[in-house]
Amino acid sequence: MRKYKAVPRKTMLASALLLAVAAPSWAQDSTEASSARSQDPDPATLDTVMVTGIRGSLTSSMNLKRDSQGVVDGIVAEDIGKFPDTNLAESLQRISGVSIDRTSSGEGSKVTVRGIGPDYNLVLLNGRQMPASNLGDGGAGLSGSRSFDFANIASESISAVEVYKTTRADNPTGGIGATINIKTLRPLESEPVISVGLKAINDSSNGNLPRTLRGSELTGEMSGIFSNTYADGRFGVALSASHQERDSGFNQATVAEGWATFQGDETEDGRALPLPGQGYADRIQNRPGADDVYGRPQNTAYNVNGVQRQRTNAQATFQWKPADNVTTTLDYTHVENKVQQQRSELSVWFNYGPGDSTWTNGPVAAPIIYSEDMEYSDLSMGGAKLATKNTMDSLGFNVEWEVNDALDLSFDYHNSSAESQPDSPYGSAGVLGVAAFVRGTTTVDYSGDLPIINVALPPGRTQVEASDALVTGSVFQNSYNKSEVEQFQARGRFKFANYSALDFGIGSTEVQNRSASAIEQRNSWGGLGTPGDYDDSIWYADDMAKYFKAFSGSGDPRMTGRFLVFDFDRLRERAGEVGTASDPACPTCYFAPTEYSEDIRTTEKSKSAYLQYRTTFDWSMPLNVAVGVRYEKTEVESSAMVRVPDGISWSSANEFNIDYATESGVIDGRGEYDYFLPNVDLKLDISDALALRGSYSRSIGRPGWTQIQSGQTLADIVRTQGGTGSRGNPGLEPLLSDNFDLSLEWYYGESSYASVGYFRKNIKNFISNTILREEPGNLHTPVGGTYWNEALASGCGATDMPCIRDFIFTNHDGDPGVTATGTNSAGQLTGTIVGQPGDPVAGFDITVPANQRSDHLDGWEVSVQHLFGQSGFGLAANYTKVKSGLTFNNLSLGDQYPMIGLSDSANLVAFYDKNAWQVRAAYNWRDSFLNGIGGQGPNPNYTEAYGQLDVNISYAVTPQLSLSLEGINLTDETMRTYARHSNMLRYATQTGPRYMFGVRYKF
C-alpha cells in the first residue's frame, strides 16, 4: 500500500510544488489567513493531510476550498513535478464554473469562468500581475487580448493553481470572473528534491496531413527539478527547467469570410436574393420569407495545417533568511514558445450571383444546397507559412519581515515582459495565393457537419492539373506585440489579541503595451504571369477527402477534393522572378517589410490601496467575517502611428484593395478612471462538517488593448458594398460588476464533500462594438462610377464582375485609373482600375467599442467528491448552469451587446489510486456558446457543444521510478463553429487523439 506522509498544511501546499519559482510573501500570508479563518482561529493549530497521489491532490484541493476566505477552488499537484494534466488550462477546466477556449490544434489555451470570458479573468504568477502578448490566430494579426495563454506554461513547473471566484481587497484588480493565481516552488518551504522526467509524444493529428506538412511521428519532452537548503536552512536554491517539442496538425472546413446576412424582403442590397418573380427567383427552392433572416456565403474552403512547437520553461529561486524574522526571495522565470505552421487549402469564392439553392425553414433560413453560376473562375489552392516566437521574462524580489508578534510586513517588486514576434525571414505570416482558372458552376451542400464542395470543370476535364496553376496575390506580414509590467506591492497585517487581523497595503502597477505591424502585399489576384511560367514539378496533387474522416460526409462522391500542394519556399522564389511589362518581377514582394507602418503604444498606470479587517465571532455557530475596501485609480495614454489610405484599386474580379500613402499619421488619446471596490465575506460554521458562505464584492474588468488604443485601421480588402475597419477608444470605462455569492458546503467524510452555490453578477459599462458607416479618407471607388455605369448600360449584370472589368479594360485602357496588363488562363483581361474623382466615395463599416449597457448573469454550481473508503476508487463531478440577458438575438440584424463565452459546463473524473497504480479518466463537457462576433457584419459565431475524454495511467516501479501513459481526446472529437444557423458554418475542425509515454525518476 502507498505510504502517505502527514505534514502541516502550511508545508503541504509547498511540498506539493512542482518547479522552482518563489511565491511572494502575501501568498504565504493567505495560507496563514486560512488557518485563522478555520473553526479554531489560532494560526498555530495546523491540520495534517496526505500529500502524494491523486487522492492527496484532491484532499489538498478540498482543504483549500474549505479553509478559504470567500469562494475559492483550486488544483494542487499530486507530487513535485507531476501536475494532473499536461496543460494548465485543461487542468483548470476540471474546476466547477471553469471552461476553456481551445486553439485550432485542440490544446487548451484560455479560460472562461462562470460565463465571463478570458479578457476579464486576471492571471497572477505567485500573486503578481503578468504580461500577456499574442499575435492572434496564426500570427497574422493582433488580438489585443489581456488574457494569459496557458499554453505558454509547462505544467511540470506548477505546484498549485488557486481560482478566487469572489473578489478580495488584497488581490490585484482586473478579474470579474475570477482571479487565478499560479504557484511555484519556494525552497525554504519544501523538502529537498532532485527529479528528472522524460516523455515521448505521439500526436495522431500529425499523421493526418500531406507529407510536406508533417512533422516527426514522435517528439519528446524533458524536465528537471533541483531544490535544496544550506546553512542550517537559512539559504535555499531551487532550479527547474523543461523543454517540449510537439508536432501536430489540424484540418478545417471553413467559411472564413463569413455570411452576408439579410432580412427576407431585402431589396436595396445587390447581394440579396431576388424576390419572387424577379431575376433567377424561380431557381430558389423554399426561398426565405419576408420576415425571415438568411445568409449567403462569401466563400467555402478546406485547409490542412501542420504545426510544430518548441516550448522551454526555466525558473530559478534563491531564498535567504538573514534573521529568524526576515526572509528574502529573488526569483526569475523564463518562457519561450516557438510555433511554426504550414497550410495548404482548396477554396471557392462566391459573387452573390445567380444560381440554384434550397433553404431551410425560417425564422433563420440557411442554405441546404447553394450554388452560383461560374465560368473559368478561380479554383484557389493557396498556402501559408507562419512562424512566431513568444517569450516571457519575469524578475522579482520579495522581503517578508515579522516585525513582532503582532505585525508582519512584506515588500514585493517585479519587472516582467512578454513579447510576441516573427520567427521567419518571411515575417510572422506569409501567404501565397494560387489558383487554376478552371472553375465552373460551384455548388456546396451545407446540410451536414462537413460542407461538400462540388465544382464543375470545363468540358473534357475531370480534375485540376499542375499545368493549370499559377500564383495570384500574396501577403507577407510582420506583426509584433510586447507588454511590460512593473509592479510594486507593500503589504502588512496587524494581528489583534483575539486573533482578529487588519490587512493593509498599497501598490503601483505600470503596464506598457506595444502593437506594431507591416504588410507587403502584391495584388496580382487575377494571376501573376501564366501557368507556363511555373514548373509543373513545383506542385503535386492530393485529395482533401482523406483528411476529414472524423466527419460524416468526407467520403461523399460529390466532393471535389483534388487540390495541389506545393513547395512554399520554391514557389515563393519563383513568384519573385515572374513579371510582365506592366507588372515587373518583384523579388522583394515576398519578404515581410522590416519597418512598421502601424505602431500603437499604450501605457496604463494604476495606483491602489486597501484595508481589510477579519475576525471570528465565537457564537454557538462560529461566524468568520472579512470586510474590506480597495481603491484603484488608472490613467491611460495611447499613441498610434497608422497607415493613411489614399485610394482604392480594383485588381481582380472579387478584390478591391486600399492603396496607402508613403507616410503614416500619428494620433494620440487619453483616459482615466477611479473606483472604490468593497467586499464582504461571511462563513458560518453550522457544524464541524457543514459551512454556509455568503459574499458581496465589487470588481472591475479592464478593456482590451485594441479597445483603448488610439488610431484607426482599415481592412485591406474592400468589396463592392464597401469596406470594414476599426478604431479604439482610450476613454473607455472598465466593466463594473457587483457580485453576490451564496454557497452551502458539506464535508461529510475523509476527502469527500458536496457543495451547491448560487452566484449573480450585475455588470455595468458593458463594452460592445458599435458599427458606424463612415467615409474615411474620402476614398473613391470604381463601383458605381462612370466606367462602371457604362458597362451596366452595355448589358453587363450588376454582379457580373468579369463582364464589367472586360468592358472597362477594352474601352478605357490608358484612360485615367485604367491599366490593362494582359489576360489570364481563362481569357479574361487583367489589370487595375482605380477610383477617380467624381466616382462614389466608398463607405466603411467602422467597428468602435463603447460602454453600452447594463445587464446581469447568474447561475448555480454543484460539486461532489467521494472516495470509496480505502478501496482506492473515487469520483469527482461538478456541473455549472449559467444564464444571462446578455445573449445574442439571431433575428436581429442590428448592433448587439452579448456576453462572450456564456455556457453551461460539467466534469466527471473517475480514478483509482492504490499501491503502485494511479488511473484517472476525466470527461469534460461544455455546452454551445457564443465565442465572438464577426464575419460579414455583426453576426454571431457559436461553438457547438463539445466533450472530451482524457485518461492517465501511471505505475510506480520503485519509490523513485514511475512510468506513465496519457491519452488526450481519446474519442477523436471534432470542433464546430457556426453563425446564426448550424448550416451557416464558420469552422469545422478535426484534430485527433494525442498520446504520451513518460518516465520520471526522483533521486
# chains A, B, ... in the order shown; residues from 1 in each chain; ligands from 1

$ select_by_dssp --residues "range 337-530 of chain A" --states "strand (DSSP E or B)" --output "ChimeraX atom specification"
/A:337-349,357-359,364-365,367-372,377-380,383-402,407-422,429-439,442-445,452-455,469-495,501-522

$ residues_around --residues "Gly270 in chain A" --least-positions-apart "3" --cutoff "8 Å" --atoms "only C-alpha atoms" --output "PyMOL selection string"
chain A and resi 267+798-799

$ residues_around --residues "range 530-545 of chain A" --least-positions-apart "6" --cutoff "7 Å" --atoms "only C-alpha atoms" --output "count of residues only"
17

$ residues_around --residues "range 92-102 of chain A" --least-positions-apart "3" --cutoff "7 Å" --atoms "only C-alpha atoms" --output "ChimeraX atom specification"
/A:73,88-89,106-114,861,863,878-880,905,907,926

$ residues_around --residues "Ser377 in chain A" --least-positions-apart "5" --cutoff "8 Å" --atoms "only C-alpha atoms" --output "JSON, numbers by chain"
{"A": [437, 438, 439, 440, 826]}

$ decode --residues "range 946-966 of chain A" --atoms "N, CA and C atoms" --output "PDB file, in the first residue's frame"
ATOM      1  N   TYR A 946     -19.256  20.561 -26.828  1.00  0.00           N
ATOM      2  CA  TYR A 946     -18.043  19.756 -27.043  1.00  0.00           C
ATOM      3  C   TYR A 946     -17.726  18.983 -25.779  1.00  0.00           C
ATOM      4  N   GLY A 947     -17.398  17.701 -25.939  1.00  0.00           N
ATOM      5  CA  GLY A 947     -16.979  16.874 -24.815  1.00  0.00           C
ATOM      6  C   GLY A 947     -15.719  16.113 -25.172  1.00  0.00           C
ATOM      7  N   GLN A 948     -14.830  15.942 -24.187  1.00  0.00           N
ATOM      8  CA  GLN A 948     -13.551  15.287 -24.453  1.00  0.00           C
ATOM      9  C   GLN A 948     -13.189  14.353 -23.315  1.00  0.00           C
ATOM     10  N   LEU A 949     -12.683  13.164 -23.670  1.00  0.00           N
ATOM     11  CA  LEU A 949     -12.264  12.169 -22.693  1.00  0.00           C
ATOM     12  C   LEU A 949     -10.745  12.071 -22.696  1.00  0.00           C
ATOM     13  N   ASP A 950     -10.141  12.222 -21.492  1.00  0.00           N
ATOM     14  CA  ASP A 950      -8.704  12.079 -21.310  1.00  0.00           C
ATOM     15  C   ASP A 950      -8.449  11.007 -20.249  1.00  0.00           C
ATOM     16  N   VAL A 951      -7.412  10.213 -20.432  1.00  0.00           N
ATOM     17  CA  VAL A 951      -7.068   9.141 -19.497  1.00  0.00           C
ATOM     18  C   VAL A 951      -5.586   9.200 -19.177  1.00  0.00           C
ATOM     19  N   ASN A 952      -5.267   9.001 -17.898  1.00  0.00           N
ATOM     20  CA  ASN A 952      -3.876   8.963 -17.457  1.00  0.00           C
ATOM     21  C   ASN A 952      -3.670   7.737 -16.584  1.00  0.00           C
ATOM     22  N   ILE A 953      -2.621   6.955 -16.885  1.00  0.00           N
ATOM     23  CA  ILE A 953      -2.268   5.767 -16.114  1.00  0.00           C
ATOM     24  C   ILE A 953      -0.802   5.868 -15.721  1.00  0.00           C
ATOM     25  N   SER A 954      -0.509   5.666 -14.454  1.00  0.00           N
ATOM     26  CA  SER A 954       0.885   5.674 -14.020  1.00  0.00           C
ATOM     27  C   SER A 954       1.142   4.490 -13.085  1.00  0.00           C
ATOM     28  N   TYR A 955       2.388   4.030 -13.086  1.00  0.00           N
ATOM     29  CA  TYR A 955       2.777   2.875 -12.276  1.00  0.00           C
ATOM     30  C   TYR A 955       4.125   3.172 -11.636  1.00  0.00           C
ATOM     31  N   ALA A 956       4.181   3.019 -10.304  1.00  0.00           N
ATOM     32  CA  ALA A 956       5.418   3.247  -9.560  1.00  0.00           C
ATOM     33  C   ALA A 956       6.216   1.945  -9.525  1.00  0.00           C
ATOM     34  N   VAL A 957       7.240   1.863 -10.352  1.00  0.00           N
ATOM     35  CA  VAL A 957       8.089   0.677 -10.386  1.00  0.00           C
ATOM     36  C   VAL A 957       8.831   0.527  -9.070  1.00  0.00           C
ATOM     37  N   THR A 958       9.383   1.635  -8.573  1.00  0.00           N
ATOM     38  CA  THR A 958      10.020   1.732  -7.264  1.00  0.00           C
ATOM     39  C   THR A 958       9.584   3.053  -6.659  1.00  0.00           C
ATOM     40  N   PRO A 959       9.912   3.318  -5.389  1.00  0.00           N
ATOM     41  CA  PRO A 959       9.566   4.631  -4.839  1.00  0.00           C
ATOM     42  C   PRO A 959      10.174   5.794  -5.618  1.00  0.00           C
ATOM     43  N   GLN A 960      11.239   5.517  -6.371  1.00  0.00           N
ATOM     44  CA  GLN A 960      11.888   6.586  -7.113  1.00  0.00           C
ATOM     45  C   GLN A 960      11.450   6.629  -8.588  1.00  0.00           C
ATOM     46  N   LEU A 961      11.163   5.486  -9.175  1.00  0.00           N
ATOM     47  CA  LEU A 961      10.920   5.395 -10.615  1.00  0.00           C
ATOM     48  C   LEU A 961       9.439   5.161 -10.902  1.00  0.00           C
ATOM     49  N   SER A 962       8.872   5.967 -11.783  1.00  0.00           N
ATOM     50  CA  SER A 962       7.477   5.795 -12.175  1.00  0.00           C
ATOM     51  C   SER A 962       7.349   5.910 -13.687  1.00  0.00           C
ATOM     52  N   LEU A 963       6.375   5.187 -14.219  1.00  0.00           N
ATOM     53  CA  LEU A 963       6.057   5.209 -15.640  1.00  0.00           C
ATOM     54  C   LEU A 963       4.642   5.725 -15.807  1.00  0.00           C
ATOM     55  N   SER A 964       4.374   6.417 -16.916  1.00  0.00           N
ATOM     56  CA  SER A 964       3.032   6.960 -17.135  1.00  0.00           C
ATOM     57  C   SER A 964       2.664   6.870 -18.608  1.00  0.00           C
ATOM     58  N   LEU A 965       1.357   6.732 -18.848  1.00  0.00           N
ATOM     59  CA  LEU A 965       0.795   6.737 -20.196  1.00  0.00           C
ATOM     60  C   LEU A 965      -0.439   7.623 -20.169  1.00  0.00           C
ATOM     61  N   GLU A 966      -0.476   8.587 -21.059  1.00  0.00           N
ATOM     62  CA  GLU A 966      -1.583   9.540 -21.070  1.00  0.00           C
ATOM     63  C   GLU A 966      -2.173   9.625 -22.466  1.00  0.00           C
TER      64      GLU A 966
END
